[in-house]
Amino acid sequence: VLMHPEPDPDAMASALAAKRIADHVDTETTLYYSGQIRHPENRAFETVLETEFERIDNAGEIADDTVVLVDHNEPRGFSGAEDIDPEAVVDHHPGDGTGSRFTDVRVDTGACATIFSEYCREIGLDPVDPEAFETLDEESVVPPDVATGMVYGIQSDTKHLTNGCSDAEFDAAGYLYDGIDEDKLDRIANPEMDAEVLETKAEAIRTRDVRNAFAVSNVGELSNLDAIPVAADELSQLEGVTAVVVFGEKDGGLQPSGRARDDRGHMGKTP
């Protein structure tokens, strides 16, 4: 199961759900990504839910030819990506990528995890209260960590069910609700943040250059590159701005992070 290069909570949740479905039919699965998990909430997701994601640098590190893409529909971001012919694609972003055997791309759906919640329900997997999980037949349930991740993935991609939602997001949240671990969900949604991240957010706002619907900011030299995407998220909240790029520097290198709220500006395809 291949996530996009810098997986967000929706991608990670979708990968966990894909693995749960594969386990249900006795299929061994490995979850891959090629970039970095940087944003504090993304790192909290990975840590709190104790995920087992494997980072790769090239296509040769993928152990099997049967590849499923989740939360993106065209492999990218690593050497040999153009040679991968995915078996299946499950996504909610616009794009031309397809799977050789199965494609489910729903651009009117707010989160990829929503689609996977439908799959879990269709095959009879039921979310269960975390306290009851250990005493139940695990073959028929969505484990609490998976349900918690899926709920947060949906929340994250829809700004807590306030933007870009369809009826399906609310149906999925209702289906998954009984299985969430409230403590873990809170720890993911409200991660600890170091001082440099807060200072970088402030610097991005202070030095912003806004032209029409675009905003650019250079936050200067940093020791923590994780602060850059957080600053980009903050700057993207500016009224009237639909695309943002924030730059930072470390060890002589320039690191950009972009955000776009307009489908015409696909940051994943920007040179």
# chains A, B, ... in the order shown; residues from 1 in each chain; ligands from 1
$ select_by_dssp --residues "stretch 4-146 of chain A" --states "alpha helix (DSSP H)" --output "ChimeraX atom specification"
/A:9-24,40-48,112-122,130-133,144-146
$ atom_distance --atom1 "atom CA of A:Asp183" --atom2 "atom CA of A:Asn163"
24.6 Å
$ residues_around --residues "A:Thr51" --least-positions-apart "6" --cutoff "10 Å" --atoms "only C-alpha atoms" --output "PyMOL selection string"
chain A and resi 12-13+16+31+45+145-146
$ write_last_selection --atoms "N, CA and C atoms" --output "PDB file, in the first residue's frame"
ATOM      1  N   MET A  12      -2.592   8.321   5.873  1.00  0.00           N
ATOM      2  CA  MET A  12      -2.182   7.306   6.836  1.00  0.00           C
ATOM      3  C   MET A  12      -3.368   6.473   7.307  1.00  0.00           C
ATOM      4  N   ALA A  13      -4.505   7.137   7.544  1.00  0.00           N
ATOM      5  CA  ALA A  13      -5.702   6.413   7.969  1.00  0.00           C
ATOM      6  C   ALA A  13      -6.174   5.457   6.877  1.00  0.00           C
ATOM      7  N   LEU A  16      -3.962   2.418   6.856  1.00  0.00           N
ATOM      8  CA  LEU A  16      -4.300   1.515   7.961  1.00  0.00           C
ATOM      9  C   LEU A  16      -5.569   0.730   7.652  1.00  0.00           C
ATOM     10  N   LEU A  31       3.005  -1.036   4.343  1.00  0.00           N
ATOM     11  CA  LEU A  31       2.568   0.335   4.109  1.00  0.00           C
ATOM     12  C   LEU A  31       3.790   1.222   3.872  1.00  0.00           C
ATOM     13  N   PHE A  45       0.045  11.414  14.904  1.00  0.00           N
ATOM     14  CA  PHE A  45      -0.738  10.289  14.378  1.00  0.00           C
ATOM     15  C   PHE A  45       0.126   9.041  14.334  1.00  0.00           C
ATOM     16  N   ASP A 145      -7.634   1.614  17.137  1.00  0.00           N
ATOM     17  CA  ASP A 145      -6.609   2.496  16.556  1.00  0.00           C
ATOM     18  C   ASP A 145      -6.927   2.829  15.103  1.00  0.00           C
ATOM     19  N   VAL A 146      -7.463   1.862  14.362  1.00  0.00           N
ATOM     20  CA  VAL A 146      -7.819   2.112  12.963  1.00  0.00           C
ATOM     21  C   VAL A 146      -9.023   3.038  12.895  1.00  0.00           C
TER      22      VAL A 146
END
$ select_by_dssp --residues "stretch 21-245 of chain A" --states "strand (DSSP E or B)" --output "MDAnalysis selection string"
chainID A and resid 31:33 53:55 58 68:70 79 88:91 102:105 126:127 141:142 209:211 214:221 243:245
$ closest_residue --among "A:Thr200, A:Ser140, A:Gln36, A:Thr109" --to "A:Asp167" --atoms "only C-alpha atoms"
A:Thr109
$ residues_around --residues "A:Phe53" --least-positions-apart "6" --cutoff "10 Å" --atoms "only C-alpha atoms" --output "list of chain:residue names"
A:Val1, A:Leu2, A:Met3, A:Met12, A:Ala15, A:Leu16, A:Thr30, A:Leu31, A:Tyr32, A:Tyr33, A:Glu46
$ write_last_selection --atoms "all heavy atoms" --output "JSON list (two decimals), in the first residue's frame"
[["chain", "number", "residue", "atom", "x", "y", "z"],
["A", 1, "VAL", "N", 0.87, -1.18, 0.00],
["A", 1, "VAL", "CA", 0.00, 0.00, 0.00],
["A", 1, "VAL", "C", 0.90, 1.22, 0.00],
["A", 1, "VAL", "O", 1.73, 1.39, 0.89],
["A", 1, "VAL", "CB", -0.94, 0.01, 1.23],
["A", 1, "VAL", "CG1", -1.77, 1.28, 1.24],
["A", 1, "VAL", "CG2", -1.85, -1.21, 1.22],
["A", 2, "LEU", "N", 0.74, 2.07, -0.99],
["A", 2, "LEU", "CA", 1.62, 3.22, -1.15],
["A", 2, "LEU", "C", 0.86, 4.52, -0.91],
["A", 2, "LEU", "O", -0.12, 4.82, -1.59],
["A", 2, "LEU", "CB", 2.22, 3.23, -2.56],
["A", 2, "LEU", "CG", 3.17, 4.37, -2.91],
["A", 2, "LEU", "CD1", 4.41, 4.34, -2.02],
["A", 2, "LEU", "CD2", 3.57, 4.28, -4.39],
["A", 3, "MET", "N", 1.33, 5.27, 0.09],
["A", 3, "MET", "CA", 0.80, 6.61, 0.35],
["A", 3, "MET", "C", 1.56, 7.63, -0.48],
["A", 3, "MET", "O", 2.59, 7.32, -1.07],
["A", 3, "MET", "CB", 0.95, 6.94, 1.84],
["A", 3, "MET", "CG", 0.16, 6.03, 2.77],
["A", 3, "MET", "SD", 0.56, 6.27, 4.52],
["A", 3, "MET", "CE", 2.02, 5.22, 4.68],
["A", 12, "MET", "N", -2.59, 8.32, 5.87],
["A", 12, "MET", "CA", -2.18, 7.31, 6.84],
["A", 12, "MET", "C", -3.37, 6.47, 7.31],
["A", 12, "MET", "O", -3.28, 5.25, 7.45],
["A", 12, "MET", "CB", -1.48, 7.97, 8.01],
["A", 12, "MET", "CG", -0.13, 8.59, 7.64],
["A", 12, "MET", "SD", 0.85, 9.18, 9.05],
["A", 12, "MET", "CE", 0.00, 10.71, 9.41],
["A", 15, "ALA", "N", -4.33, 4.05, 4.60],
["A", 15, "ALA", "CA", -3.39, 2.94, 4.54],
["A", 15, "ALA", "C", -3.68, 1.92, 5.65],
["A", 15, "ALA", "O", -3.66, 0.70, 5.42],
["A", 15, "ALA", "CB", -1.96, 3.45, 4.65],
["A", 16, "LEU", "N", -3.96, 2.42, 6.86],
["A", 16, "LEU", "CA", -4.30, 1.52, 7.96],
["A", 16, "LEU", "C", -5.57, 0.73, 7.65],
["A", 16, "LEU", "O", -5.67, -0.47, 7.96],
["A", 16, "LEU", "CB", -4.48, 2.31, 9.25],
["A", 16, "LEU", "CG", -3.24, 2.98, 9.85],
["A", 16, "LEU", "CD1", -3.62, 3.77, 11.10],
["A", 16, "LEU", "CD2", -2.17, 1.95, 10.18],
["A", 30, "THR", "N", 2.27, -4.34, 3.33],
["A", 30, "THR", "CA", 3.25, -3.40, 3.85],
["A", 30, "THR", "C", 2.83, -2.00, 3.44],
["A", 30, "THR", "O", 2.37, -1.79, 2.31],
["A", 30, "THR", "CB", 4.66, -3.70, 3.30],
["A", 30, "THR", "OG1", 4.97, -5.08, 3.55],
["A", 30, "THR", "CG2", 5.70, -2.82, 3.97],
["A", 31, "LEU", "N", 3.00, -1.04, 4.34],
["A", 31, "LEU", "CA", 2.57, 0.34, 4.11],
["A", 31, "LEU", "C", 3.79, 1.22, 3.87],
["A", 31, "LEU", "O", 4.66, 1.33, 4.74],
["A", 31, "LEU", "CB", 1.77, 0.85, 5.31],
["A", 31, "LEU", "CG", 0.65, -0.09, 5.82],
["A", 31, "LEU", "CD1", -0.09, 0.55, 6.98],
["A", 31, "LEU", "CD2", -0.31, -0.46, 4.69],
["A", 32, "TYR", "N", 3.83, 1.87, 2.68],
["A", 32, "TYR", "CA", 5.01, 2.63, 2.27],
["A", 32, "TYR", "C", 4.71, 4.13, 2.07],
["A", 32, "TYR", "O", 3.60, 4.51, 1.72],
["A", 32, "TYR", "CB", 5.53, 2.11, 0.93],
["A", 32, "TYR", "CG", 6.05, 0.69, 0.92],
["A", 32, "TYR", "CD1", 5.32, -0.33, 0.32],
["A", 32, "TYR", "CD2", 7.28, 0.37, 1.47],
["A", 32, "TYR", "CE1", 5.80, -1.62, 0.28],
["A", 32, "TYR", "CE2", 7.77, -0.92, 1.44],
["A", 32, "TYR", "CZ", 7.03, -1.92, 0.84],
["A", 32, "TYR", "OH", 7.50, -3.20, 0.80],
["A", 33, "TYR", "N", 5.76, 4.92, 2.26],
["A", 33, "TYR", "CA", 5.76, 6.32, 1.84],
["A", 33, "TYR", "C", 7.20, 6.66, 1.48],
["A", 33, "TYR", "O", 8.14, 5.97, 1.89],
["A", 33, "TYR", "CB", 5.22, 7.25, 2.92],
["A", 33, "TYR", "CG", 6.12, 7.41, 4.12],
["A", 33, "TYR", "CD1", 6.92, 8.53, 4.28],
["A", 33, "TYR", "CD2", 6.18, 6.42, 5.10],
["A", 33, "TYR", "CE1", 7.75, 8.68, 5.39],
["A", 33, "TYR", "CE2", 7.00, 6.55, 6.21],
["A", 33, "TYR", "CZ", 7.78, 7.67, 6.35],
["A", 33, "TYR", "OH", 8.61, 7.82, 7.44],
["A", 46, "GLU", "N", 1.31, 9.17, 13.75],
["A", 46, "GLU", "CA", 2.22, 8.04, 13.61],
["A", 46, "GLU", "C", 2.64, 7.48, 14.97],
["A", 46, "GLU", "O", 2.70, 6.25, 15.16],
["A", 46, "GLU", "CB", 3.45, 8.47, 12.81],
["A", 46, "GLU", "CG", 4.45, 7.36, 12.57],
["A", 46, "GLU", "CD", 5.72, 7.86, 11.91],
["A", 46, "GLU", "OE1", 6.10, 9.03, 12.12],
["A", 46, "GLU", "OE2", 6.33, 7.07, 11.18]]
$ closest_residue --among "A:Ala11, A:Val244, A:Arg211, A:Ala81" --to "A:Thr114" --atoms "only C-alpha atoms"
A:Ala11
$ atom_distance --atom1 "atom CA of A:Asn58" --atom2 "atom CA of A:Ile37"
17.0 Å
$ closest_atom_pairs --of "stretch 2-41 of chain A" --to "stretch 116-137 of chain A" --cutoff "8 Å" --atoms "only C-alpha atoms" --output "Markdown table"
| residue | atom | partner | partner_atom | distance |
| --- | --- | --- | --- | --- |
| A:Ser14 | CA | A:Phe116 | CA | 6.4 |
| A:Ala17 | CA | A:Phe116 | CA | 6.3 |
| A:Ala18 | CA | A:Phe116 | CA | 7.2 |
| A:Ile21 | CA | A:Cys120 | CA | 6.9 |
$ atom_distance --atom1 "atom CA of A:Ser217" --atom2 "atom CA of A:Arg76"
25.9 Å
$ closest_residue --among "A:Pro40, A:Gly99, A:Pro7, A:Gly35" --to "A:Asn190" --atoms "only C-alpha atoms"
A:Pro40
$ residues_around --residues "A:Asn42" --least-positions-apart "5" --cutoff "12 Å" --atoms "only C-alpha atoms" --output "mmCIF file with N, CA and C atoms, in the first residue's frame"
data_model
loop_
_atom_site.group_PDB
_atom_site.id
_atom_site.type_symbol
_atom_site.label_atom_id
_atom_site.label_comp_id
_atom_site.auth_asym_id
_atom_site.auth_seq_id
_atom_site.Cartn_x
_atom_site.Cartn_y
_atom_site.Cartn_z
ATOM 1 N N GLU A 6 4.535 12.671 1.370
ATOM 2 C CA GLU A 6 4.497 13.197 2.731
ATOM 3 C C GLU A 6 3.095 12.971 3.281
ATOM 4 N N PRO A 7 2.822 11.771 3.764
ATOM 5 C CA PRO A 7 1.452 11.396 4.115
ATOM 6 C C PRO A 7 0.851 12.237 5.232
ATOM 7 N N ASP A 8 -0.388 12.642 5.006
ATOM 8 C CA ASP A 8 -1.154 13.357 6.008
ATOM 9 C C ASP A 8 -2.067 12.356 6.725
ATOM 10 N N PRO A 9 -2.845 12.801 7.712
ATOM 11 C CA PRO A 9 -3.679 11.850 8.454
ATOM 12 C C PRO A 9 -4.653 11.069 7.580
ATOM 13 N N ASP A 10 -5.197 11.690 6.539
ATOM 14 C CA ASP A 10 -6.125 10.957 5.681
ATOM 15 C C ASP A 10 -5.416 9.832 4.942
ATOM 16 N N ALA A 11 -4.221 10.106 4.423
ATOM 17 C CA ALA A 11 -3.457 9.066 3.731
ATOM 18 C C ALA A 11 -3.065 7.951 4.681
ATOM 19 N N MET A 12 -2.592 8.321 5.873
ATOM 20 C CA MET A 12 -2.182 7.306 6.836
ATOM 21 C C MET A 12 -3.368 6.473 7.307
ATOM 22 N N ALA A 13 -4.505 7.137 7.544
ATOM 23 C CA ALA A 13 -5.702 6.413 7.969
ATOM 24 C C ALA A 13 -6.174 5.457 6.877
ATOM 25 N N GLN A 36 8.697 12.427 3.956
ATOM 26 C CA GLN A 36 8.856 12.583 5.394
ATOM 27 C C GLN A 36 7.504 12.865 6.025
ATOM 28 N N ILE A 37 7.369 12.462 7.269
ATOM 29 C CA ILE A 37 6.170 12.778 8.052
ATOM 30 C C ILE A 37 6.558 13.915 8.972
ATOM 31 N N THR A 47 2.921 8.363 15.920
ATOM 32 C CA THR A 47 3.435 7.943 17.226
ATOM 33 C C THR A 47 2.336 7.388 18.125
ATOM 34 N N VAL A 48 1.250 8.128 18.239
ATOM 35 C CA VAL A 48 0.181 7.736 19.158
ATOM 36 C C VAL A 48 -0.450 6.406 18.742
ATOM 37 N N LEU A 49 -0.636 6.214 17.439
ATOM 38 C CA LEU A 49 -1.253 4.982 16.963
ATOM 39 C C LEU A 49 -0.238 3.874 16.694
ATOM 40 N N THR A 51 2.037 3.248 14.429
ATOM 41 C CA THR A 51 1.943 2.709 13.075
ATOM 42 C C THR A 51 3.259 2.051 12.655
ATOM 43 N N GLY A 149 -7.914 6.545 13.836
ATOM 44 C CA GLY A 149 -7.176 7.154 12.738
ATOM 45 C C GLY A 149 -8.074 7.577 11.605
ATOM 46 N N TYR A 152 -9.976 10.734 12.526
ATOM 47 C CA TYR A 152 -9.140 11.928 12.459
ATOM 48 C C TYR A 152 -8.760 12.254 11.013
ATOM 49 N N GLY A 153 -8.554 11.235 10.193
ATOM 50 C CA GLY A 153 -8.278 11.484 8.781
ATOM 51 C C GLY A 153 -9.405 12.247 8.116
ATOM 52 N N SER A 156 -9.449 15.831 9.560
ATOM 53 C CA SER A 156 -8.321 16.621 9.070
ATOM 54 C C SER A 156 -8.545 17.137 7.663
ATOM 55 N N ARG A 187 -4.964 13.450 21.661
ATOM 56 C CA ARG A 187 -3.507 13.596 21.599
ATOM 57 C C ARG A 187 -3.018 13.831 20.169
ATOM 58 N N ILE A 188 -3.701 13.252 19.196
ATOM 59 C CA ILE A 188 -3.341 13.487 17.797
ATOM 60 C C ILE A 188 -3.744 14.896 17.369
ATOM 61 N N ALA A 189 -4.959 15.286 17.741
ATOM 62 C CA ALA A 189 -5.504 16.578 17.309
ATOM 63 C C ALA A 189 -4.831 17.764 17.986
ATOM 64 N N ASN A 190 -4.239 17.541 19.150
ATOM 65 C CA ASN A 190 -3.629 18.634 19.909
ATOM 66 C C ASN A 190 -2.205 18.263 20.320
ATOM 67 N N PRO A 191 -1.321 18.111 19.334
ATOM 68 C CA PRO A 191 0.046 17.691 19.647
ATOM 69 C C PRO A 191 0.835 18.812 20.299
ATOM 70 N N GLU A 192 1.858 18.415 21.040
ATOM 71 C CA GLU A 192 2.768 19.411 21.594
ATOM 72 C C GLU A 192 3.525 20.094 20.463
ATOM 73 N N ASP A 226 10.318 20.978 10.083
ATOM 74 C CA ASP A 226 8.910 20.636 10.300
ATOM 75 C C ASP A 226 8.049 21.879 10.495
ATOM 76 N N PRO A 229 5.840 23.496 6.909
ATOM 77 C CA PRO A 229 4.466 23.172 6.534
ATOM 78 C C PRO A 229 3.432 23.683 7.529
ATOM 79 N N VAL A 230 3.807 23.757 8.811
ATOM 80 C CA VAL A 230 2.881 24.311 9.805
ATOM 81 C C VAL A 230 2.635 25.787 9.510
#
$ residues_around --residues "A:Asp108" --least-positions-apart "4" --cutoff "10 Å" --atoms "only C-alpha atoms" --output "number ranges by chain"
A: 92-94, 164-166, 168
$ write_last_selection --atoms "N, CA and C atoms" --output "compact mmCIF listing (two decimals), in the first residue's frame"
# COMPACT_ATOMS: atom_id res chain seq x y z
N HIS A 92 -9.58 10.61 -3.56
CA HIS A 92 -10.66 11.59 -3.68
C HIS A 92 -10.14 12.89 -4.31
N HIS A 93 -8.95 12.85 -4.89
CA HIS A 93 -8.37 14.01 -5.56
C HIS A 93 -8.54 13.88 -7.08
N PRO A 94 -8.66 15.00 -7.77
CA PRO A 94 -8.71 14.93 -9.23
C PRO A 94 -7.38 14.47 -9.80
N GLY A 164 -15.79 21.13 2.57
CA GLY A 164 -15.58 20.09 1.58
C GLY A 164 -16.22 18.77 1.93
N CYS A 165 -17.24 18.80 2.77
CA CYS A 165 -17.89 17.57 3.20
C CYS A 165 -18.97 17.13 2.21
N SER A 166 -19.25 15.84 2.26
CA SER A 166 -20.45 15.29 1.63
C SER A 166 -21.21 14.55 2.72
N ALA A 168 -21.48 11.58 2.93
CA ALA A 168 -20.72 10.37 3.23
C ALA A 168 -19.79 10.56 4.42
$ closest_residue --among "A:Thr158, A:Ala215, A:Gly179, A:Glu196" --to "A:Pro143" --atoms "only C-alpha atoms"
A:Gly179
$ closest_residue --among "A:Gly252, A:Pro144, A:Pro75, A:Gly220" --to "A:Gly97" --atoms "only C-alpha atoms"
A:Pro75
$ residues_around --residues "A:Arg206" --least-positions-apart "6" --cutoff "12 Å" --atoms "only C-alpha atoms" --output "list of chain:residue names"
A:Glu199, A:Thr200, A:Ala215, A:Val216, A:Ser217, A:Asn218, A:Val219, A:Ala231, A:Glu234, A:Leu235
$ closest_residue --among "A:Ser236, A:Ser34, A:Asn73, A:Thr103" --to "A:Ala59" --atoms "only C-alpha atoms"
A:Ser34
